[in-house]
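Before any comments, here is the structure.
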Amino acid sequence: IKHYPVLLKEIISVISPQHGGTFIDCTFGQGGYTKEILKHKNTKVIGLDRDIEAKKKARIVEDKFPERFYFKNLRFSKLNNLKLKNENIKGIVLDLGYSFIQIKDPKKGLSFNSSGKLNMKMGLNRFSAEDVINKLDIKDLEKIFKFFGEEKDAKIIASKIVKERKVEKIDTKTLVKLIEKSKRKKSYKIHSATKVFQALRIFVNNEISELIYGLISASKILKKDGILAVITFHSLEDKIVKYFF
């Protein structure tokens, strides 16, 4: 399976690697942006990813470009931890989406189509979605679904979860069934569980704080005329990025 960044051509045209310089790919993933940047000989890339799985792909790029590529298993909110010395950072890229490979990985448990344990940890986490669903109280669950998922039936879903977990530990399939039973109105556009799963993923991976600190750090690192390019995928991220800019 291959993953293709959704706005690869557009991002490359914006950051203009043909003019050379050092770039930071804050969400390395499968290396789509990095490989495209490194096609230009006078470029260097620093790749970051919190997902340890990304290290395997990064090794291949490191072997090919030992002088021009460097990878660190790091959250992009910790950009300030990079020892950049005299690097003139021309562009920083943040693609906030998840790859098809990550979504389909059963160990990660990101999809409502998965079976088995809830997880959603992308790396460097303190807790999993299983911990959240089976341990947090009803009010906290409701807040998570409402604020991070913009889920209108948050209260009903939280109530059903708390009742069900007294009987058995909740896994992915059980959670999906509970959500489907809780929905007052069925949508034909998106799956009933989409918003709750989005909310859990955001909460487990601390995505909102990560994004805010990542943007602040990136703006401090970039020199005059440097470019920060961010790709968002839902309204919460979108609002934060637009407000920041």
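Going by the structure tokens order, chains are called A, B, ..., each with residues numbered from 1, while ligands are numbered from 1 in the order shown.
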Could you tell me, as a VMD selection string, which residues of range 21-241 of chain A DSSP assigns to strand (DSSP E or B) when given the backbone? chain A and resid 21 to 25 43 to 48 69 to 72 89 to 95 227 to 231
Write the selection just made, keeping N, CA and C atoms, as an mmCIF file, in the first residue's frame?
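Saved result, result-v5.cif, follows:
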data_model
loop_
_atom_site.group_PDB
_atom_site.id
_atom_site.type_symbol
_atom_site.label_atom_id
_atom_site.label_comp_id
_atom_site.auth_asym_id
_atom_site.auth_seq_id
_atom_site.Cartn_x
_atom_site.Cartn_y
_atom_site.Cartn_z
ATOM 1 N N GLY A 21 17.940 25.267 0.145
ATOM 2 C CA GLY A 21 17.685 25.575 1.546
ATOM 3 C C GLY A 21 17.339 24.342 2.357
ATOM 4 N N THR A 22 17.128 24.573 3.647
ATOM 5 C CA THR A 22 16.768 23.493 4.576
ATOM 6 C C THR A 22 15.287 23.572 4.893
ATOM 7 N N PHE A 23 14.630 22.410 4.890
ATOM 8 C CA PHE A 23 13.192 22.335 5.144
ATOM 9 C C PHE A 23 12.930 21.348 6.279
ATOM 10 N N ILE A 24 11.848 21.589 7.016
ATOM 11 C CA ILE A 24 11.450 20.658 8.076
ATOM 12 C C ILE A 24 10.109 20.043 7.698
ATOM 13 N N ASP A 25 10.100 18.716 7.564
ATOM 14 C CA ASP A 25 8.871 17.968 7.304
ATOM 15 C C ASP A 25 8.403 17.453 8.665
ATOM 16 N N THR A 43 19.100 21.021 -1.562
ATOM 17 C CA THR A 43 18.193 21.037 -0.410
ATOM 18 C C THR A 43 18.632 20.069 0.680
ATOM 19 N N LYS A 44 18.162 20.357 1.899
ATOM 20 C CA LYS A 44 18.319 19.450 3.047
ATOM 21 C C LYS A 44 16.959 19.356 3.715
ATOM 22 N N VAL A 45 16.661 18.195 4.312
ATOM 23 C CA VAL A 45 15.379 18.030 5.023
ATOM 24 C C VAL A 45 15.609 17.420 6.402
ATOM 25 N N ILE A 46 14.927 17.996 7.383
ATOM 26 C CA ILE A 46 14.852 17.410 8.723
ATOM 27 C C ILE A 46 13.438 16.837 8.835
ATOM 28 N N GLY A 47 13.336 15.534 9.014
ATOM 29 C CA GLY A 47 12.031 14.885 9.109
ATOM 30 C C GLY A 47 11.686 14.534 10.547
ATOM 31 N N LEU A 48 10.464 14.832 10.941
ATOM 32 C CA LEU A 48 9.987 14.497 12.290
ATOM 33 C C LEU A 48 8.738 13.633 12.197
ATOM 34 N N PHE A 69 19.584 14.370 4.654
ATOM 35 C CA PHE A 69 18.355 14.046 5.376
ATOM 36 C C PHE A 69 18.670 13.544 6.780
ATOM 37 N N TYR A 70 17.853 14.030 7.731
ATOM 38 C CA TYR A 70 18.020 13.655 9.136
ATOM 39 C C TYR A 70 16.629 13.441 9.722
ATOM 40 N N PHE A 71 16.449 12.319 10.455
ATOM 41 C CA PHE A 71 15.135 12.012 11.026
ATOM 42 C C PHE A 71 15.182 11.961 12.541
ATOM 43 N N LYS A 72 14.103 12.449 13.163
ATOM 44 C CA LYS A 72 13.995 12.380 14.623
ATOM 45 C C LYS A 72 12.571 11.949 14.997
ATOM 46 N N ILE A 89 16.363 27.869 7.854
ATOM 47 C CA ILE A 89 15.148 27.118 7.544
ATOM 48 C C ILE A 89 14.263 27.928 6.598
ATOM 49 N N LYS A 90 14.102 27.390 5.371
ATOM 50 C CA LYS A 90 13.321 28.092 4.346
ATOM 51 C C LYS A 90 11.832 27.753 4.414
ATOM 52 N N GLY A 91 11.519 26.519 4.832
ATOM 53 C CA GLY A 91 10.114 26.115 4.857
ATOM 54 C C GLY A 91 9.843 25.019 5.869
ATOM 55 N N ILE A 92 8.652 25.081 6.464
ATOM 56 C CA ILE A 92 8.201 24.057 7.415
ATOM 57 C C ILE A 92 6.823 23.575 6.960
ATOM 58 N N VAL A 93 6.679 22.238 6.879
ATOM 59 C CA VAL A 93 5.426 21.648 6.411
ATOM 60 C C VAL A 93 4.789 20.819 7.528
ATOM 61 N N LEU A 94 3.483 21.058 7.765
ATOM 62 C CA LEU A 94 2.703 20.243 8.694
ATOM 63 C C LEU A 94 1.473 19.720 7.957
ATOM 64 N N ASP A 95 1.423 18.411 7.751
ATOM 65 C CA ASP A 95 0.251 17.769 7.150
ATOM 66 C C ASP A 95 -0.457 17.048 8.292
ATOM 67 N N ILE A 227 8.643 30.077 4.922
ATOM 68 C CA ILE A 227 7.243 29.717 4.666
ATOM 69 C C ILE A 227 6.796 28.572 5.578
ATOM 70 N N LEU A 228 5.644 28.764 6.199
ATOM 71 C CA LEU A 228 5.010 27.726 7.006
ATOM 72 C C LEU A 228 3.756 27.275 6.264
ATOM 73 N N ALA A 229 3.714 26.000 5.874
ATOM 74 C CA ALA A 229 2.568 25.454 5.133
ATOM 75 C C ALA A 229 1.880 24.396 5.987
ATOM 76 N N VAL A 230 0.574 24.578 6.213
ATOM 77 C CA VAL A 230 -0.187 23.667 7.078
ATOM 78 C C VAL A 230 -1.411 23.137 6.331
ATOM 79 N N ILE A 231 -1.594 21.817 6.363
ATOM 80 C CA ILE A 231 -2.776 21.203 5.759
ATOM 81 C C ILE A 231 -3.674 20.688 6.877
#
Could you pull out all residues of range 23-237 of chain A with a DSSP call of helix (DSSP H, G or I) and give them as JSON, numbers by chain? {"A": [32, 33, 34, 35, 36, 37, 38, 54, 55, 56, 57, 58, 59, 60, 61, 62, 63, 64, 76, 77, 78, 79, 80, 81, 100, 101, 102, 103, 104, 129, 130, 131, 132, 133, 134, 135, 138, 139, 140, 141, 142, 143, 144, 145, 146, 147, 148, 149, 154, 155, 156, 157, 158, 159, 160, 161, 162, 163, 164, 172, 173, 174, 175, 176, 177, 178, 179, 180, 181, 182, 194, 195, 196, 197, 198, 199, 200, 201, 202, 203, 204, 207, 208, 209, 210, 211, 212, 213, 214, 215, 216, 217, 218, 219, 220, 221, 235, 236, 237]}
Please determine, counting only C-alpha atoms, which residue among A:Leu236, A:Ile52, A:Ala199, A:Leu215 has the shortest atom-to-atom distance to Lys78 in chain A. A:Leu215
Can you work out the spacing between CA of Pro66 in chain A and CA of Lys223 in chain A in Å, to one decimal?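 These atoms are spaced 25.0 Å apart.
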Name all residues at most 8 Å from range 146-148 of chain A (count only C-alpha atoms; drop same-chain ones fewer than 2 positions away) and give them as a PyMOL selection string. chain A and resi 142-144+150-152+154+198-200+202-203+236
Please produce a file of those selected residues containing all heavy atoms, as an mmCIF file, in the first residue's frame.
data_model
loop_
_atom_site.group_PDB
_atom_site.id
_atom_site.type_symbol
_atom_site.label_atom_id
_atom_site.label_comp_id
_atom_site.auth_asym_id
_atom_site.auth_seq_id
_atom_site.Cartn_x
_atom_site.Cartn_y
_atom_site.Cartn_z
ATOM 1 N N GLU A 142 -18.498 13.114 27.874
ATOM 2 C CA GLU A 142 -19.402 14.016 27.160
ATOM 3 C C GLU A 142 -18.649 15.236 26.619
ATOM 4 O O GLU A 142 -18.831 15.639 25.467
ATOM 5 C CB GLU A 142 -20.519 14.474 28.103
ATOM 6 C CG GLU A 142 -21.584 15.289 27.405
ATOM 7 C CD GLU A 142 -22.601 15.901 28.371
ATOM 8 O OE1 GLU A 142 -22.737 15.420 29.511
ATOM 9 O OE2 GLU A 142 -23.249 16.885 27.952
ATOM 10 N N LYS A 143 -17.775 15.817 27.447
ATOM 11 C CA LYS A 143 -16.995 16.990 27.021
ATOM 12 C C LYS A 143 -16.082 16.657 25.843
ATOM 13 O O LYS A 143 -15.969 17.429 24.899
ATOM 14 C CB LYS A 143 -16.135 17.506 28.184
ATOM 15 C CG LYS A 143 -16.894 18.322 29.206
ATOM 16 C CD LYS A 143 -15.965 18.711 30.346
ATOM 17 C CE LYS A 143 -16.743 19.288 31.504
ATOM 18 N NZ LYS A 143 -15.890 19.467 32.702
ATOM 19 N N ILE A 144 -15.428 15.505 25.912
ATOM 20 C CA ILE A 144 -14.513 15.090 24.838
ATOM 21 C C ILE A 144 -15.264 14.957 23.511
ATOM 22 O O ILE A 144 -14.842 15.491 22.487
ATOM 23 C CB ILE A 144 -13.800 13.760 25.203
ATOM 24 C CG1 ILE A 144 -12.805 13.999 26.345
ATOM 25 C CG2 ILE A 144 -13.076 13.164 23.993
ATOM 26 C CD1 ILE A 144 -12.336 12.732 27.046
ATOM 27 N N GLU A 150 -17.502 17.614 18.074
ATOM 28 C CA GLU A 150 -18.709 18.386 17.737
ATOM 29 C C GLU A 150 -19.905 17.442 17.557
ATOM 30 O O GLU A 150 -20.713 17.581 16.651
ATOM 31 C CB GLU A 150 -18.465 19.246 16.485
ATOM 32 C CG GLU A 150 -17.348 20.255 16.713
ATOM 33 C CD GLU A 150 -16.942 21.038 15.473
ATOM 34 O OE1 GLU A 150 -16.436 20.403 14.524
ATOM 35 O OE2 GLU A 150 -17.122 22.256 15.457
ATOM 36 N N GLU A 151 -19.970 16.457 18.471
ATOM 37 C CA GLU A 151 -21.003 15.424 18.449
ATOM 38 C C GLU A 151 -22.236 15.901 19.222
ATOM 39 O O GLU A 151 -22.171 16.172 20.414
ATOM 40 C CB GLU A 151 -20.444 14.129 19.063
ATOM 41 C CG GLU A 151 -21.445 13.012 19.272
ATOM 42 C CD GLU A 151 -22.181 12.622 18.006
ATOM 43 O OE1 GLU A 151 -21.547 12.038 17.098
ATOM 44 O OE2 GLU A 151 -23.400 12.895 17.933
ATOM 45 N N LYS A 152 -23.371 16.000 18.522
ATOM 46 C CA LYS A 152 -24.615 16.506 19.124
ATOM 47 C C LYS A 152 -25.213 15.544 20.144
ATOM 48 O O LYS A 152 -25.908 15.956 21.067
ATOM 49 C CB LYS A 152 -25.642 16.796 18.022
ATOM 50 C CG LYS A 152 -25.284 18.027 17.201
ATOM 51 C CD LYS A 152 -26.254 18.241 16.062
ATOM 52 C CE LYS A 152 -25.823 19.451 15.229
ATOM 53 N NZ LYS A 152 -26.667 19.595 14.022
ATOM 54 N N ALA A 154 -23.583 13.676 22.285
ATOM 55 C CA ALA A 154 -22.491 13.353 23.209
ATOM 56 C C ALA A 154 -22.978 12.806 24.553
ATOM 57 O O ALA A 154 -22.434 11.827 25.076
ATOM 58 C CB ALA A 154 -21.620 14.592 23.429
ATOM 59 N N GLN A 198 -13.110 10.662 15.926
ATOM 60 C CA GLN A 198 -12.264 11.857 15.746
ATOM 61 C C GLN A 198 -11.921 12.466 17.098
ATOM 62 O O GLN A 198 -10.762 12.786 17.382
ATOM 63 C CB GLN A 198 -12.989 12.906 14.894
ATOM 64 C CG GLN A 198 -12.226 14.233 14.801
ATOM 65 C CD GLN A 198 -13.038 15.332 14.138
ATOM 66 O OE1 GLN A 198 -13.437 15.198 12.988
ATOM 67 N NE2 GLN A 198 -13.286 16.427 14.844
ATOM 68 N N ALA A 199 -12.939 12.605 17.953
ATOM 69 C CA ALA A 199 -12.752 13.208 19.279
ATOM 70 C C ALA A 199 -11.764 12.402 20.118
ATOM 71 O O ALA A 199 -10.875 12.971 20.766
ATOM 72 C CB ALA A 199 -14.092 13.304 19.997
ATOM 73 N N LEU A 200 -11.898 11.093 20.093
ATOM 74 C CA LEU A 200 -10.997 10.223 20.863
ATOM 75 C C LEU A 200 -9.561 10.355 20.376
ATOM 76 O O LEU A 200 -8.628 10.461 21.170
ATOM 77 C CB LEU A 200 -11.446 8.767 20.756
ATOM 78 C CG LEU A 200 -12.634 8.348 21.624
ATOM 79 C CD1 LEU A 200 -13.101 6.957 21.239
ATOM 80 C CD2 LEU A 200 -12.268 8.393 23.102
ATOM 81 N N ILE A 202 -8.163 12.859 18.783
ATOM 82 C CA ILE A 202 -7.642 14.185 19.139
ATOM 83 C C ILE A 202 -7.235 14.226 20.609
ATOM 84 O O ILE A 202 -6.168 14.731 20.953
ATOM 85 C CB ILE A 202 -8.705 15.275 18.837
ATOM 86 C CG1 ILE A 202 -8.855 15.462 17.319
ATOM 87 C CG2 ILE A 202 -8.332 16.613 19.480
ATOM 88 C CD1 ILE A 202 -10.039 16.340 16.914
ATOM 89 N N PHE A 203 -8.090 13.662 21.473
ATOM 90 C CA PHE A 203 -7.825 13.683 22.918
ATOM 91 C C PHE A 203 -6.624 12.807 23.287
ATOM 92 O O PHE A 203 -5.734 13.238 24.022
ATOM 93 C CB PHE A 203 -9.073 13.227 23.677
ATOM 94 C CG PHE A 203 -8.922 13.318 25.178
ATOM 95 C CD1 PHE A 203 -8.893 14.549 25.813
ATOM 96 C CD2 PHE A 203 -8.811 12.172 25.942
ATOM 97 C CE1 PHE A 203 -8.748 14.636 27.193
ATOM 98 C CE2 PHE A 203 -8.670 12.237 27.319
ATOM 99 C CZ PHE A 203 -8.638 13.479 27.944
ATOM 100 N N LEU A 236 -11.862 22.130 13.675
ATOM 101 C CA LEU A 236 -11.112 22.553 14.865
ATOM 102 C C LEU A 236 -9.697 22.985 14.498
ATOM 103 O O LEU A 236 -9.229 24.046 14.896
ATOM 104 C CB LEU A 236 -11.040 21.417 15.897
ATOM 105 C CG LEU A 236 -12.268 21.171 16.773
ATOM 106 C CD1 LEU A 236 -12.023 19.962 17.645
ATOM 107 C CD2 LEU A 236 -12.604 22.370 17.634
#
Could you name the residues that touch Lys169 in chain A at 12 Å or less, counting only C-alpha atoms, but leaving out those on the same chain fewer than 6 positions away, as a list in words?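 My reading of the contact set: Gly116, Lys117, Leu118, Glu130, Asp131, Val132, Ile133, Asn134, Lys135, Ile161, Val162, Lys163 and Leu175 of chain A.
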